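**Q** File target-v3.csv below, CSV, C-alpha atoms:
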chain,number,residue,atom,x,y,z
A,16,MET,CA,9.7,24.8,-10.9
A,17,ASP,CA,13.2,25.7,-9.7
A,18,PHE,CA,14.9,22.9,-7.8
A,19,ARG,CA,18.3,24.7,-7.5
A,20,GLY,CA,19.9,23.9,-4.2
A,21,PHE,CA,17.6,20.9,-3.5
A,22,GLU,CA,18.2,17.2,-4.0
A,23,VAL,CA,15.0,15.4,-5.1
A,24,SER,CA,14.2,12.0,-3.7
A,25,ALA,CA,11.7,9.4,-4.6
A,26,ASN,CA,9.4,7.9,-2.0
A,27,VAL,CA,9.2,4.2,-3.1
A,28,SER,CA,6.2,3.5,-0.9
A,29,MET,CA,4.1,5.7,-3.0
A,30,LEU,CA,6.0,5.7,-6.4
A,31,PHE,CA,6.6,2.7,-8.6
A,32,THR,CA,3.9,0.7,-6.8
A,33,GLU,CA,3.3,-1.1,-10.1
A,34,LEU,CA,6.5,-3.0,-9.2
A,35,PRO,CA,7.4,-5.3,-6.2
A,36,TYR,CA,8.8,-3.2,-3.3
A,37,LEU,CA,12.4,-4.3,-3.6
A,38,ASP,CA,12.4,-3.6,-7.4
A,39,ARG,CA,11.4,0.1,-6.9
A,40,PHE,CA,14.9,1.2,-5.9
A,41,ALA,CA,16.4,0.2,-9.3
A,42,ALA,CA,13.4,1.7,-11.1
A,43,ALA,CA,14.0,5.0,-9.3
A,44,SER,CA,17.7,4.9,-10.3
A,45,ARG,CA,16.8,4.2,-13.9
A,46,LEU,CA,14.8,7.4,-14.0
A,47,GLY,CA,17.7,9.5,-12.5
A,48,PHE,CA,17.0,9.5,-8.8
A,49,THR,CA,20.1,9.0,-6.6
A,50,VAL,CA,18.2,9.3,-3.3
A,51,VAL,CA,15.1,7.5,-2.1
A,52,GLU,CA,13.0,7.3,1.0
A,53,SER,CA,10.4,4.9,2.3
A,54,TRP,CA,7.7,4.2,4.8
A,55,TRP,CA,8.5,1.3,7.2
A,56,PRO,CA,8.9,-1.6,4.8
A,57,PHE,CA,8.2,-4.6,7.1
A,58,SER,CA,4.9,-5.9,8.4
A,59,GLY,CA,5.8,-5.6,12.1
A,60,PRO,CA,8.0,-3.5,14.2
A,61,THR,CA,11.0,-5.9,13.7
A,62,ALA,CA,12.3,-7.9,10.8
A,63,SER,CA,14.5,-10.9,10.4
A,64,PRO,CA,18.2,-10.4,9.5
A,65,ALA,CA,17.5,-11.8,6.1
A,66,GLU,CA,14.7,-9.2,5.4
A,67,VAL,CA,17.0,-6.4,6.4
A,68,ASP,CA,19.8,-7.8,4.2
A,69,LEU,CA,17.4,-7.8,1.2
A,70,LEU,CA,16.6,-4.2,1.8
A,71,VAL,CA,20.3,-3.1,2.1
A,72,THR,CA,21.2,-5.2,-0.9
A,73,ALA,CA,18.5,-3.7,-3.0
A,74,LEU,CA,19.6,-0.2,-2.2
A,75,LYS,CA,23.3,-0.9,-2.9
A,76,SER,CA,22.5,-2.8,-6.1
A,77,ALA,CA,20.4,0.1,-7.4
A,78,GLY,CA,23.1,2.6,-6.4
A,79,VAL,CA,20.8,4.9,-4.5
A,80,SER,CA,21.0,6.3,-1.0
A,81,LEU,CA,18.2,6.0,1.6
A,82,SER,CA,17.7,9.5,3.0
A,83,ALA,CA,14.6,9.0,5.1
A,84,LEU,CA,12.6,6.1,6.6
A,85,ASN,CA,9.5,6.0,8.7
A,86,PHE,CA,9.5,4.3,12.1
A,87,TYR,CA,6.9,1.5,12.5
A,88,GLY,CA,3.5,3.1,12.5
A,89,GLY,CA,1.2,0.2,13.3
A,90,ASP,CA,-1.1,-1.2,10.7
A,91,ILE,CA,-1.0,1.7,8.2
A,92,ALA,CA,-3.1,-0.2,5.6
A,93,GLY,CA,-5.6,-0.9,8.3
A,94,GLY,CA,-5.9,2.7,9.2
A,95,GLU,CA,-3.5,3.1,12.1
A,96,ARG,CA,-1.3,6.2,12.1
A,97,GLY,CA,1.5,5.6,14.5
A,98,VAL,CA,1.9,4.1,18.0
A,99,ALA,CA,4.0,6.7,19.8
A,100,SER,CA,1.1,8.0,21.8
A,101,HIS,CA,-0.3,4.6,22.8
A,102,PRO,CA,0.9,3.4,26.2
A,103,ASP,CA,0.2,-0.2,25.3
A,104,ARG,CA,2.4,-0.1,22.2
A,105,GLN,CA,5.7,1.1,23.7
A,106,GLU,CA,7.4,-2.3,23.6
A,107,GLU,CA,6.8,-2.5,19.9
A,108,LEU,CA,8.2,1.0,19.3
A,109,ALA,CA,11.2,0.3,21.5
A,110,ALA,CA,12.0,-2.9,19.5
A,111,ASN,CA,11.5,-0.9,16.3
A,112,ILE,CA,13.9,1.9,17.5
A,113,SER,CA,16.6,-0.7,18.0
A,114,LEU,CA,16.2,-2.1,14.5
A,115,MET,CA,16.0,1.5,13.0
A,116,VAL,CA,19.5,2.3,14.5
A,117,GLU,CA,20.9,-0.9,12.8
A,118,ILE,CA,19.4,0.1,9.5
A,119,ALA,CA,20.7,3.6,9.9
A,120,GLU,CA,24.2,2.3,10.5
A,121,ARG,CA,24.0,0.0,7.5
A,122,THR,CA,22.5,2.5,5.0
A,123,GLY,CA,23.6,5.9,6.1
A,124,CYS,CA,19.9,7.0,6.5
A,125,ARG,CA,19.7,10.0,8.8
A,126,LEU,CA,16.1,11.2,8.8
A,127,PHE,CA,13.4,9.2,10.6
A,128,ASN,CA,9.7,10.0,10.7
A,129,VAL,CA,7.7,9.1,13.8
A,130,LEU,CA,3.9,9.2,13.4
A,131,TYR,CA,2.3,10.5,16.6
A,132,GLY,CA,-0.7,8.1,16.7
A,133,GLN,CA,-4.5,8.6,16.8
A,134,LEU,CA,-6.3,9.6,19.9
A,135,ASP,CA,-7.8,6.7,21.8
A,136,ALA,CA,-10.6,6.9,24.3
A,137,ARG,CA,-8.9,4.5,26.7
A,138,TRP,CA,-6.6,7.4,27.7
A,139,THR,CA,-6.9,11.2,28.0
A,140,ALA,CA,-5.3,13.4,25.4
A,141,ALA,CA,-2.8,14.6,28.1
A,142,GLU,CA,-1.8,11.0,28.9
A,143,GLN,CA,-1.3,10.2,25.3
A,144,GLU,CA,0.7,13.4,24.7
A,145,ALA,CA,3.0,12.5,27.7
A,146,CYS,CA,3.4,9.0,26.2
A,147,ALA,CA,4.2,10.4,22.7
A,148,VAL,CA,6.7,12.9,24.1
A,149,GLU,CA,8.6,10.2,25.9
A,150,ALA,CA,8.5,7.9,22.9
A,151,ILE,CA,9.8,10.7,20.6
A,152,ARG,CA,12.5,11.6,23.1
A,153,SER,CA,13.6,7.9,23.1
A,154,ALA,CA,13.7,7.7,19.4
A,155,ALA,CA,15.6,11.0,19.1
A,156,ALA,CA,18.2,9.8,21.7
A,157,ALA,CA,18.7,6.5,19.9
A,158,VAL,CA,19.3,8.0,16.4
A,159,ALA,CA,21.4,10.9,17.7
A,160,GLY,CA,24.2,8.3,18.0
A,161,VAL,CA,24.3,8.1,14.2
A,162,GLY,CA,23.7,11.8,13.6
A,163,GLY,CA,20.0,11.2,12.9
A,164,THR,CA,17.0,13.6,13.1
A,165,VAL,CA,13.5,12.6,14.1
A,166,LEU,CA,10.7,14.1,12.0
A,167,ILE,CA,7.2,14.8,13.3
A,168,GLU,CA,4.4,15.1,10.7
A,169,PRO,CA,1.0,16.7,10.6
A,170,LEU,CA,-1.6,14.7,8.7
A,171,THR,CA,-4.7,15.6,6.7
A,172,ALA,CA,-7.9,16.0,8.8
A,173,GLY,CA,-10.7,13.6,7.9
A,174,LEU,CA,-8.4,11.0,6.2
A,175,ASN,CA,-6.4,9.8,9.2
A,176,GLY,CA,-8.8,9.1,12.0
A,177,ALA,CA,-8.4,11.0,15.3
A,178,TYR,CA,-4.8,12.1,14.5
A,179,PRO,CA,-4.3,15.3,16.6
A,180,LEU,CA,-1.4,17.0,14.7
A,181,LEU,CA,-2.9,18.9,11.7
A,182,THR,CA,-0.7,21.9,11.2
A,183,ALA,CA,2.9,23.2,11.6
A,184,THR,CA,1.7,25.0,14.7
A,185,ASP,CA,0.5,21.7,16.3
A,186,VAL,CA,3.9,20.1,15.7
A,187,LEU,CA,5.8,23.1,16.9
A,188,GLY,CA,3.8,23.2,20.0
A,189,LEU,CA,5.5,19.9,20.9
A,190,LEU,CA,9.0,20.8,19.6
A,191,ASP,CA,9.0,24.2,21.3
A,192,GLY,CA,7.2,22.9,24.4
A,193,PRO,CA,7.8,19.6,26.2
A,194,LEU,CA,10.5,18.6,23.7
A,195,LYS,CA,12.3,21.9,23.5
A,196,ASP,CA,15.5,20.4,25.1
A,197,VAL,CA,15.8,17.7,22.3
A,198,PRO,CA,17.9,19.2,19.5
A,199,ASN,CA,17.5,16.6,16.8
A,200,LEU,CA,13.8,17.0,16.0
A,201,SER,CA,12.1,18.7,13.1
A,202,LEU,CA,8.7,19.4,11.6
A,203,LEU,CA,8.2,17.4,8.4
A,204,PHE,CA,6.9,19.9,5.9
A,205,ASP,CA,4.4,17.9,3.7
A,206,THR,CA,2.7,20.1,1.1
A,207,PHE,CA,-0.4,17.8,0.7
A,208,HIS,CA,-1.2,17.4,4.4
A,209,LEU,CA,-0.6,21.1,5.3
A,210,ALA,CA,-2.4,22.5,2.3
A,211,SER,CA,-5.3,20.1,2.8
A,212,ASN,CA,-5.7,21.5,6.3
A,213,GLY,CA,-5.8,25.1,5.1
A,214,VAL,CA,-2.2,26.1,5.8
A,215,ASP,CA,-0.8,28.9,3.7
A,216,LEU,CA,2.2,27.0,2.4
A,217,VAL,CA,4.3,29.9,1.2
A,218,ALA,CA,3.9,31.8,4.4
A,219,CYS,CA,4.6,28.7,6.4
A,220,ALA,CA,7.7,27.8,4.4
A,221,SER,CA,9.0,31.3,4.9
A,222,ALA,CA,8.4,31.1,8.6
A,223,VAL,CA,9.9,27.7,9.3
A,224,GLY,CA,12.1,26.8,6.3
A,225,ALA,CA,15.3,27.6,8.1
A,226,ASP,CA,14.6,25.0,10.8
A,227,LEU,CA,13.3,22.2,8.6
A,228,ALA,CA,15.1,18.9,8.1
A,229,HIS,CA,12.8,17.5,5.4
A,230,VAL,CA,10.2,18.4,2.8
A,231,GLN,CA,7.7,16.2,0.9
A,232,LEU,CA,5.8,17.2,-2.2
A,233,ALA,CA,2.3,16.2,-3.3
A,234,ASP,CA,-0.4,18.3,-4.7
A,235,SER,CA,-3.7,19.1,-3.1
A,236,PRO,CA,-6.5,18.2,-3.5
A,237,GLY,CA,-5.9,14.5,-4.5
A,238,ARG,CA,-2.3,13.9,-3.3
A,239,GLY,CA,-1.2,13.5,-6.9
A,240,GLU,CA,1.9,14.7,-8.6
A,241,PRO,CA,2.7,18.4,-8.7
A,242,GLY,CA,0.5,20.0,-11.3
A,243,SER,CA,-2.5,17.8,-10.6
A,244,GLY,CA,-4.0,20.1,-8.0
A,245,SER,CA,-3.7,23.7,-6.9
A,246,VAL,CA,-0.6,24.0,-4.8
A,247,ASP,CA,1.8,26.8,-5.8
A,248,PHE,CA,5.0,24.7,-5.8
A,249,ALA,CA,7.1,27.4,-7.5
A,250,GLY,CA,6.2,29.7,-4.7
A,251,VAL,CA,6.8,27.1,-2.0
A,252,LEU,CA,10.2,26.2,-3.4
A,253,ASP,CA,11.2,29.8,-3.7
A,254,ALA,CA,10.1,30.5,-0.1
A,255,LEU,CA,12.0,27.5,1.2
A,256,ARG,CA,15.1,28.6,-0.6
A,257,LEU,CA,14.9,32.2,0.6
A,258,ALA,CA,14.4,30.9,4.2
A,259,GLY,CA,17.6,28.9,3.9
A,260,TYR,CA,16.3,25.4,3.5
A,261,GLN,CA,19.0,23.2,1.8
A,262,GLY,CA,17.7,19.7,2.4
A,263,VAL,CA,16.0,17.0,0.4
A,264,VAL,CA,12.7,17.6,-1.4
A,265,ALA,CA,10.9,14.2,-1.7
A,266,ALA,CA,8.4,13.2,-4.3
A,267,GLU,CA,5.8,11.5,-2.0
A,268,TYR,CA,2.6,11.4,-4.0
A,269,LYS,CA,0.1,9.1,-5.6
A,270,PRO,CA,0.7,9.2,-9.3
A,271,THR,CA,-2.4,9.8,-11.4
A,272,VAL,CA,-0.7,7.8,-14.2
A,273,ASP,CA,2.2,5.4,-14.2
A,274,THR,CA,5.1,6.7,-12.2
A,275,ALA,CA,7.4,7.4,-15.1
A,276,SER,CA,4.7,9.4,-16.9
A,277,SER,CA,3.9,11.4,-13.7
A,278,LEU,CA,7.4,12.9,-13.5
A,279,GLY,CA,7.0,15.6,-16.1
A,280,TRP,CA,7.0,18.2,-13.3
A,281,LEU,CA,10.7,17.4,-12.9
Could you take the file, read its structure, and then write that structure out as structure tokens?
**A**
Amino acid sequence: MDFRGFEVSANVSMLFTELPYLDRFAAASRLGFTVVESWWPFSGPTASPAEVDLLVTALKSAGVSLSALNFYGGDIAGGERGVASHPDRQEELAANISLMVEIAERTGCRLFNVLYGQLDARWTAAEQEACAVEAIRSAAAAVAGVGGTVLIEPLTAGLNGAYPLLTATDVLGLLDGPLKDVPNLSLLFDTFHLASNGVDLVACASAVGADLAHVQLADSPGRGEPGSGSVDFAGVLDALRLAGYQGVVAAEYKPTVDTASSLGWL
């Protein structure tokens, strides 16, 4: 695979899980990564000053930059996939947005992933979309002050409950529709989720690559390291490059062996 023009980052929420979370930044650095990303690292939407200090110190001590961070997405381990679309969770998200700006200011992170949320029978799909649109708009306005971009991600059907965004077209329907006036938004191009939902990755990369702010790599099926499934990563990378994408390409996969041994594709 040809990574010319791309910086490769390590997602420490999925890689190096054999180590405690705060030790993973140094592990990534030892293997040559200079950039990392993470899911929301705290149990709730906010964290104590001491917890944030530990995160910032671990990054600085390892000598790595934090390029992307997920907003609080609810109880991810328990099956939740975001709170943006849930009217009863907006206070949590507002508190999280405030802390995210602080973390951005302290780390230089500029990419922030908002998970939309699963459909809930207590509200109509239209009500939930209206709620998500306003939540995304608020998040984008907050991080705009630090030069940040909010990412919106499709997820794999059948693995993430009633999550309504499955393809690039679904996400672009929001970004080019009710959120068209918000400049600092982008589709998150995740090869596993898109391929698992039947998207032609090369064609999609060619069509949207110029407008992307972030790319994540995992194979499909299985979500393992590149080479463990059937994704044409060489074709995807070439299509992204030809389309003009020049951002970070993140390793966000579940290693089928220990993390160090899984990096042969690099």
**Q** Pick out the closest residue to A:Ser153 from this set: A:Gln133, A:Ser113, A:Thr184, A:Ser58. Count all atoms listed in the file.
**A**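 Using all atoms listed in the file, A:Ser153 sits closest to A:Ser113.
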**Q** Just how far from atom CA of A:Leu126 is atom CA of A:Gly192, in Å to one decimal?
**A** 21.4 Å
**Q** Per residue of stretch 205-224 of chain A within 8 Å of stretch 231-255 of chain A, which atom pair is closest and at what distance in Å (one decimal), using only C-alpha atoms, listed by chain and increasing number, as CSV?
**A**
residue,atom,partner,partner_atom,distance
A:Asp205,CA,A:Gln231,CA,4.6
A:Thr206,CA,A:Leu232,CA,5.4
A:Phe207,CA,A:Ala233,CA,5.1
A:Ala210,CA,A:Ser235,CA,6.5
A:Ser211,CA,A:Ser235,CA,6.2
A:Leu216,CA,A:Val251,CA,6.4
A:Val217,CA,A:Val251,CA,4.9
A:Ala218,CA,A:Ala254,CA,7.8
A:Ala220,CA,A:Leu255,CA,5.4
A:Ser221,CA,A:Ala254,CA,5.2
A:Gly224,CA,A:Leu255,CA,5.1
**Q** Here is a test: counting all atoms listed in the file, which residue of A:Gly163, A:Pro179, A:Gly213, A:Gly93 is nearest to A:Asn128?
**A**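 The shortest atom-to-atom distance to A:Asn128 comes from A:Gly163.
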**Q** Just how far from atom CA of A:Ser24 is atom CA of A:Glu52, in Å to one decimal?
**A**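 Between atom CA of A:Glu52 and atom CA of A:Ser24 the gap works out to 6.8 Å.
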**Q** Within 10 Å of A:Ala157, counting all atoms listed in the file, which residues show up once you throw out same-chain ones fewer than 5 positions away? Write them as a ChimeraX atom specification, please.
**A** /A:109,112-113,115-116,151-152,162-165
**Q** So which residues touch stretch 105-108 of chain A within 12 Å, counting only C-alpha atoms, skipping near sequence neighbours fewer than 2 positions away, as a PyMOL selection string?
**A** chain A and resi 59-62+85-89+97-103+110-115+129-132+143+146-151+153-154+157
**Q** In Å, how far is it from atom CA of A:Phe31 to atom CA of A:Asp17?
**A**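 Those two atoms sit 24.0 Å apart.
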**Q** Which is closer to A:Thr182 than all the others in A:Val161, A:Ala141, A:Leu209, A:Ala136, using only C-alpha atoms?
**A**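 The shortest atom-to-atom distance to A:Thr182 comes from A:Leu209.
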